[in-house]
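Q: upload.cif is the file, holding mmCIF, C-alpha atoms:
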data_data
loop_
_atom_site.label_atom_id
_atom_site.label_comp_id
_atom_site.auth_asym_id
_atom_site.auth_seq_id
_atom_site.Cartn_x
_atom_site.Cartn_y
_atom_site.Cartn_z
CA VAL A 79 -75.61 -28.94 -9.08
CA TYR A 80 -73.81 -27.92 -12.27
CA ALA A 81 -73.49 -30.14 -15.32
CA SER A 82 -70.34 -28.21 -16.19
CA VAL A 83 -68.46 -25.03 -15.35
CA SER A 84 -66.20 -23.35 -17.89
CA HIS A 85 -63.74 -20.48 -17.76
CA MET A 86 -63.16 -18.82 -21.14
CA GLU A 87 -64.19 -15.83 -23.24
CA GLY A 88 -67.97 -15.75 -22.95
CA ALA A 89 -69.13 -15.03 -26.48
CA ALA A 90 -66.84 -17.71 -27.95
CA PHE A 91 -67.95 -20.25 -25.35
CA LEU A 92 -71.64 -19.60 -26.03
CA ALA A 93 -71.14 -19.81 -29.80
CA GLN A 94 -69.54 -23.27 -29.34
CA GLN A 95 -72.52 -24.68 -27.47
CA PRO A 96 -75.15 -26.68 -29.34
CA ALA A 97 -78.12 -24.49 -30.23
CA GLY A 98 -80.77 -24.52 -27.51
CA SER A 99 -78.66 -26.49 -25.04
CA VAL A 100 -78.30 -24.00 -22.17
CA ASP A 101 -80.86 -23.19 -19.46
CA LEU A 102 -79.17 -20.20 -17.82
CA VAL A 103 -76.36 -17.77 -18.60
CA VAL A 104 -75.13 -15.46 -15.83
CA ALA A 105 -72.97 -12.47 -16.82
CA VAL A 106 -72.70 -10.45 -13.61
CA ASP A 107 -69.93 -7.81 -13.67
CA VAL A 108 -68.90 -8.96 -17.17
CA LEU A 109 -70.26 -6.30 -19.52
CA PRO A 110 -68.25 -3.44 -17.93
CA TYR A 111 -65.25 -5.06 -19.65
CA VAL A 112 -66.94 -5.49 -23.06
CA TRP A 113 -67.46 -2.57 -25.45
CA ASP A 114 -69.52 -4.44 -28.07
CA VAL A 115 -71.92 -6.72 -26.20
CA SER A 116 -73.72 -7.84 -29.36
CA HIS A 117 -71.46 -10.94 -29.55
CA VAL A 118 -72.33 -11.96 -25.99
CA LEU A 119 -76.06 -11.45 -26.56
CA ARG A 120 -76.03 -13.27 -29.91
CA GLY A 121 -74.10 -16.13 -28.34
CA ALA A 122 -76.64 -16.38 -25.54
CA GLY A 123 -79.49 -16.22 -28.04
CA HIS A 124 -77.93 -19.16 -29.89
CA ALA A 125 -77.10 -21.30 -26.84
CA LEU A 126 -80.23 -20.75 -24.73
CA ARG A 127 -83.11 -23.18 -24.95
CA GLU A 128 -86.63 -21.80 -25.41
CA GLN A 129 -87.55 -19.87 -22.25
CA GLY A 130 -83.91 -20.01 -21.09
CA LEU A 131 -82.62 -16.99 -19.18
CA LEU A 132 -79.69 -14.60 -19.43
CA VAL A 133 -79.02 -12.56 -16.28
CA LEU A 134 -76.56 -9.70 -16.66
CA THR A 135 -75.55 -6.44 -15.03
CA THR A 136 -74.43 -3.14 -16.50
CA GLU A 137 -72.99 -0.07 -14.83
CA GLU A 138 -74.89 3.19 -15.07
CA PRO A 139 -73.16 5.90 -17.08
CA THR A 140 -71.33 8.39 -14.86
CA ARG A 141 -72.14 11.32 -17.11
CA GLU A 142 -74.96 12.10 -19.49
CA LEU A 143 -74.98 10.11 -22.70
CA THR A 144 -74.96 12.34 -25.77
CA GLU A 145 -75.68 11.87 -29.43
CA THR A 146 -73.17 10.40 -31.83
CA ALA A 147 -71.94 12.32 -34.88
CA ASP A 148 -74.73 10.80 -36.98
CA GLY A 149 -77.43 11.92 -34.52
CA GLN A 150 -77.98 8.53 -32.88
CA ALA A 151 -78.26 8.18 -29.11
CA GLN A 152 -74.96 7.18 -27.50
CA GLU A 153 -75.31 3.68 -26.04
CA VAL A 154 -71.82 3.03 -24.65
CA GLN A 155 -69.48 5.11 -22.51
CA LEU A 156 -66.10 4.55 -20.87
CA ASN A 157 -66.17 5.83 -17.27
CA GLN A 158 -63.34 7.29 -15.18
CA PHE A 159 -62.45 3.80 -13.90
CA ALA A 160 -61.99 2.48 -17.47
CA ARG A 161 -65.15 0.40 -17.20
CA VAL A 162 -67.70 0.32 -19.99
CA CYS A 163 -71.21 1.64 -19.25
CA HIS A 164 -74.08 0.48 -21.46
CA SER A 165 -77.38 2.32 -21.79
CA GLU A 166 -80.58 0.43 -21.08
CA GLU A 167 -81.81 1.37 -24.56
CA GLY A 168 -78.70 -0.13 -26.13
CA VAL A 169 -79.01 -3.38 -24.19
CA ARG A 170 -82.69 -3.59 -25.15
CA ARG A 171 -81.91 -2.99 -28.84
CA LEU A 172 -79.10 -5.56 -28.96
CA ALA A 173 -81.13 -8.11 -26.97
CA ALA A 174 -83.99 -7.85 -29.46
CA ALA A 175 -81.55 -8.25 -32.36
CA ALA A 176 -80.26 -11.43 -30.67
CA GLY A 177 -83.79 -12.83 -30.31
CA LEU A 178 -84.04 -12.19 -26.57
CA GLU A 179 -86.88 -10.52 -24.67
CA VAL A 180 -86.29 -8.19 -21.73
CA LYS A 181 -88.33 -9.60 -18.85
CA GLU A 182 -87.09 -7.37 -16.02
CA VAL A 183 -84.71 -4.48 -15.38
CA GLN A 184 -83.85 -3.17 -11.91
CA LEU A 185 -81.64 -0.26 -10.90
CA GLY A 186 -79.54 -0.65 -7.78
CA ARG A 187 -76.08 -1.01 -6.27
CA ILE A 188 -74.23 -3.67 -8.22
CA ARG A 189 -70.82 -3.45 -6.53
CA MET A 190 -68.48 -1.23 -4.50
CA GLN A 191 -65.56 0.80 -5.89
CA GLY A 192 -63.55 1.28 -2.72
CA SER A 193 -66.05 2.94 -0.39
CA ARG A 194 -68.24 4.22 -3.26
CA GLN A 195 -71.41 2.44 -4.32
CA VAL A 196 -71.58 1.73 -8.05
CA LEU A 197 -75.06 1.97 -9.53
CA GLY A 198 -76.11 -0.29 -12.31
CA LYS A 199 -78.92 -2.29 -13.76
CA ALA A 200 -79.67 -5.97 -13.49
CA PHE A 201 -81.38 -7.40 -16.56
CA VAL A 202 -83.27 -10.65 -16.95
CA LEU A 203 -83.53 -11.61 -20.61
CA GLN A 204 -85.37 -14.62 -21.95
CA LYS A 205 -85.33 -16.54 -25.20
CA PRO A 206 -89.00 -16.70 -26.15
CA LYS A 207 -90.92 -19.86 -26.77
CA ALA A 208 -91.28 -20.60 -30.47
CA VAL A 209 -94.79 -20.11 -31.82
#
Would you kindly transcribe this structure into C-alpha cells?
A:
Amino acid sequence: VYASVSHMEGAAFLAQQPAGSVDLVVAVDVLPYVWDVSHVLRGAGHALREQGLLVLTTEEPTRELTETADGQAQEVQLNQFARVCHSEEGVRRLAAAAGLEVKEVQLGRIRMQGSRQVLGKAFVLQKPKAV
C-alpha cells in the first residue's frame, strides 16, 4: 500500500520532500535518461530516512570508457541508442558525496532493446544510520 504516488521530475520531487521522510526510492530505467545523476542522488540523500533505500539501475557502457582531457576516468557515456551509461565507479563516487552507502551491486539483463538484451547494473544504496 502506497501513502502516495507522484509523477514528476525525480530530483525536484525528492528535494521537495521533508528531510528524512521517505523509506524507499526506486529509479529503475531512469538514469539512462539523466547525464548528471548527482541531483537525483543528492535528492534521495535528503529525502531518505536513516536506513532508507534507493534502488536504481544503470546501463553498462557499450564501449570502453576512456580518460577525460584532464586525466580523470570517464564516468558517463552516451550509447548508440542515445541512452546515458554510467560507470559503477561514478555512481559510487556520487552516492558517497550524497551521503549514501552502496550496499549491493549486481550485473545482469535490465531490459530488452528489440531482441537484444541490455546489460546493466542494479544498485542498492542506503542512507546510513546516524552515529
Q: I would like the residues chosen by the PyMOL selection byres ((chain A and resi 87) around 12) on the shown file; could you give them as a PyMOL selection string?
A: chain A and resi 84-86+88-94+105+108-109+111-112+117-118+121
Q: Keeping only C-alpha atoms, write the selected residues to a file as a PDB file, keeping the file's coordinate frame.
A:
ATOM      1  CA  SER A  84     -66.200 -23.350 -17.890  1.00  0.00           C
ATOM      2  CA  HIS A  85     -63.740 -20.480 -17.760  1.00  0.00           C
ATOM      3  CA  MET A  86     -63.160 -18.820 -21.140  1.00  0.00           C
ATOM      4  CA  GLY A  88     -67.970 -15.750 -22.950  1.00  0.00           C
ATOM      5  CA  ALA A  89     -69.130 -15.030 -26.480  1.00  0.00           C
ATOM      6  CA  ALA A  90     -66.840 -17.710 -27.950  1.00  0.00           C
ATOM      7  CA  PHE A  91     -67.950 -20.250 -25.350  1.00  0.00           C
ATOM      8  CA  LEU A  92     -71.640 -19.600 -26.030  1.00  0.00           C
ATOM      9  CA  ALA A  93     -71.140 -19.810 -29.800  1.00  0.00           C
ATOM     10  CA  GLN A  94     -69.540 -23.270 -29.340  1.00  0.00           C
ATOM     11  CA  ALA A 105     -72.970 -12.470 -16.820  1.00  0.00           C
ATOM     12  CA  VAL A 108     -68.900  -8.960 -17.170  1.00  0.00           C
ATOM     13  CA  LEU A 109     -70.260  -6.300 -19.520  1.00  0.00           C
ATOM     14  CA  TYR A 111     -65.250  -5.060 -19.650  1.00  0.00           C
ATOM     15  CA  VAL A 112     -66.940  -5.490 -23.060  1.00  0.00           C
ATOM     16  CA  HIS A 117     -71.460 -10.940 -29.550  1.00  0.00           C
ATOM     17  CA  VAL A 118     -72.330 -11.960 -25.990  1.00  0.00           C
ATOM     18  CA  GLY A 121     -74.100 -16.130 -28.340  1.00  0.00           C
TER      19      GLY A 121
END
Q: Just so the selection is clear, what residues does the PyMOL selection byres ((chain A and resi 126-135) around 6) cover here, as a PDB file with C-alpha atoms, in the coordinates of the input?
A:
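Once everything was written out, this is out_26.pdb:
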ATOM      1  CA  GLY A  98     -80.770 -24.520 -27.510  1.00  0.00           C
ATOM      2  CA  SER A  99     -78.660 -26.490 -25.040  1.00  0.00           C
ATOM      3  CA  VAL A 100     -78.300 -24.000 -22.170  1.00  0.00           C
ATOM      4  CA  ASP A 101     -80.860 -23.190 -19.460  1.00  0.00           C
ATOM      5  CA  LEU A 102     -79.170 -20.200 -17.820  1.00  0.00           C
ATOM      6  CA  VAL A 103     -76.360 -17.770 -18.600  1.00  0.00           C
ATOM      7  CA  VAL A 104     -75.130 -15.460 -15.830  1.00  0.00           C
ATOM      8  CA  ALA A 105     -72.970 -12.470 -16.820  1.00  0.00           C
ATOM      9  CA  VAL A 106     -72.700 -10.450 -13.610  1.00  0.00           C
ATOM     10  CA  ASP A 107     -69.930  -7.810 -13.670  1.00  0.00           C
ATOM     11  CA  ALA A 122     -76.640 -16.380 -25.540  1.00  0.00           C
ATOM     12  CA  GLY A 123     -79.490 -16.220 -28.040  1.00  0.00           C
ATOM     13  CA  HIS A 124     -77.930 -19.160 -29.890  1.00  0.00           C
ATOM     14  CA  ALA A 125     -77.100 -21.300 -26.840  1.00  0.00           C
ATOM     15  CA  THR A 136     -74.430  -3.140 -16.500  1.00  0.00           C
ATOM     16  CA  LYS A 199     -78.920  -2.290 -13.760  1.00  0.00           C
ATOM     17  CA  ALA A 200     -79.670  -5.970 -13.490  1.00  0.00           C
ATOM     18  CA  PHE A 201     -81.380  -7.400 -16.560  1.00  0.00           C
ATOM     19  CA  VAL A 202     -83.270 -10.650 -16.950  1.00  0.00           C
ATOM     20  CA  LEU A 203     -83.530 -11.610 -20.610  1.00  0.00           C
ATOM     21  CA  GLN A 204     -85.370 -14.620 -21.950  1.00  0.00           C
ATOM     22  CA  LYS A 205     -85.330 -16.540 -25.200  1.00  0.00           C
ATOM     23  CA  PRO A 206     -89.000 -16.700 -26.150  1.00  0.00           C
ATOM     24  CA  LYS A 207     -90.920 -19.860 -26.770  1.00  0.00           C
TER      25      LYS A 207
END
Q: For atom CA of A:Leu119 and atom CA of A:Glu167, determine how far apart the two atoms are, in Å to one decimal place.
A: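 Interatomic distance here is 14.2 Å.
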Q: One decimal, in Å: what's the spacing between atom CA of A:Gln191 and atom CA of A:Leu172?
A: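 Taking atom CA of A:Gln191 and atom CA of A:Leu172, their separation equals 27.5 Å.
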Q: For atom CA of A:Arg189 and atom CA of A:His164, quote the distance in Å rounded to one decimal.
A: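 Interatomic distance, atom CA of A:Arg189 to atom CA of A:His164: 15.8 Å.
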Q: Using the chain letters and numbers from the file, which residues does the PyMOL selection byres ((chain A and resi 140) around 10) grab, as a PyMOL selection string?
A: chain A and resi 137-139+141-143+155-158+163+196-197
Q: When you look at A:Arg171 with a cut-off of 12 Å (counting all atoms listed in the file), what residues show up, excluding the ones that are within fewer than 2 positions of it in the same chain? I need them as a ChimeraX atom specification.
A: /A:115-116,119-120,151,153,164-169,173-180
Q: Would you fill out stretch 154-165 of chain A with N, CA, C and O atoms and return it as a short mmCIF file (atom, residue, chain, number, x, y, z; two decimals), in the frame of the given file?
A:
data_model
loop_
_atom_site.label_atom_id
_atom_site.label_comp_id
_atom_site.auth_asym_id
_atom_site.auth_seq_id
_atom_site.Cartn_x
_atom_site.Cartn_y
_atom_site.Cartn_z
N VAL A 154 -72.97 3.57 -25.38
CA VAL A 154 -71.82 3.03 -24.65
C VAL A 154 -70.91 4.18 -24.24
O VAL A 154 -70.75 5.15 -24.99
N GLN A 155 -70.34 4.06 -23.03
CA GLN A 155 -69.48 5.11 -22.51
C GLN A 155 -68.40 4.48 -21.64
O GLN A 155 -68.68 3.54 -20.90
N LEU A 156 -67.19 4.98 -21.74
CA LEU A 156 -66.10 4.55 -20.87
C LEU A 156 -66.07 5.50 -19.67
O LEU A 156 -66.01 6.71 -19.84
N ASN A 157 -66.15 4.95 -18.45
CA ASN A 157 -66.17 5.83 -17.27
C ASN A 157 -64.75 6.10 -16.77
O ASN A 157 -63.76 5.61 -17.34
N GLN A 158 -64.64 6.88 -15.70
CA GLN A 158 -63.34 7.29 -15.18
C GLN A 158 -62.53 6.13 -14.61
O GLN A 158 -61.33 6.26 -14.37
N PHE A 159 -63.15 4.98 -14.40
CA PHE A 159 -62.45 3.80 -13.90
C PHE A 159 -62.11 2.82 -15.02
O PHE A 159 -61.75 1.68 -14.76
N ALA A 160 -62.26 3.29 -16.27
CA ALA A 160 -61.99 2.48 -17.47
C ALA A 160 -62.91 1.28 -17.56
O ALA A 160 -62.54 0.22 -18.06
N ARG A 161 -64.13 1.43 -17.08
CA ARG A 161 -65.15 0.40 -17.20
C ARG A 161 -66.20 0.90 -18.19
O ARG A 161 -66.50 2.09 -18.25
N VAL A 162 -66.75 -0.02 -18.95
CA VAL A 162 -67.70 0.32 -19.99
C VAL A 162 -69.11 0.37 -19.42
O VAL A 162 -69.55 -0.58 -18.76
N CYS A 163 -69.81 1.47 -19.68
CA CYS A 163 -71.21 1.64 -19.25
C CYS A 163 -72.10 1.51 -20.48
O CYS A 163 -71.83 2.13 -21.51
N HIS A 164 -73.15 0.71 -20.36
CA HIS A 164 -74.08 0.48 -21.46
C HIS A 164 -75.44 1.07 -21.10
O HIS A 164 -75.93 0.86 -19.99
N SER A 165 -76.05 1.77 -22.05
CA SER A 165 -77.38 2.32 -21.79
C SER A 165 -78.41 1.20 -21.81
O SER A 165 -78.24 0.17 -22.48
#
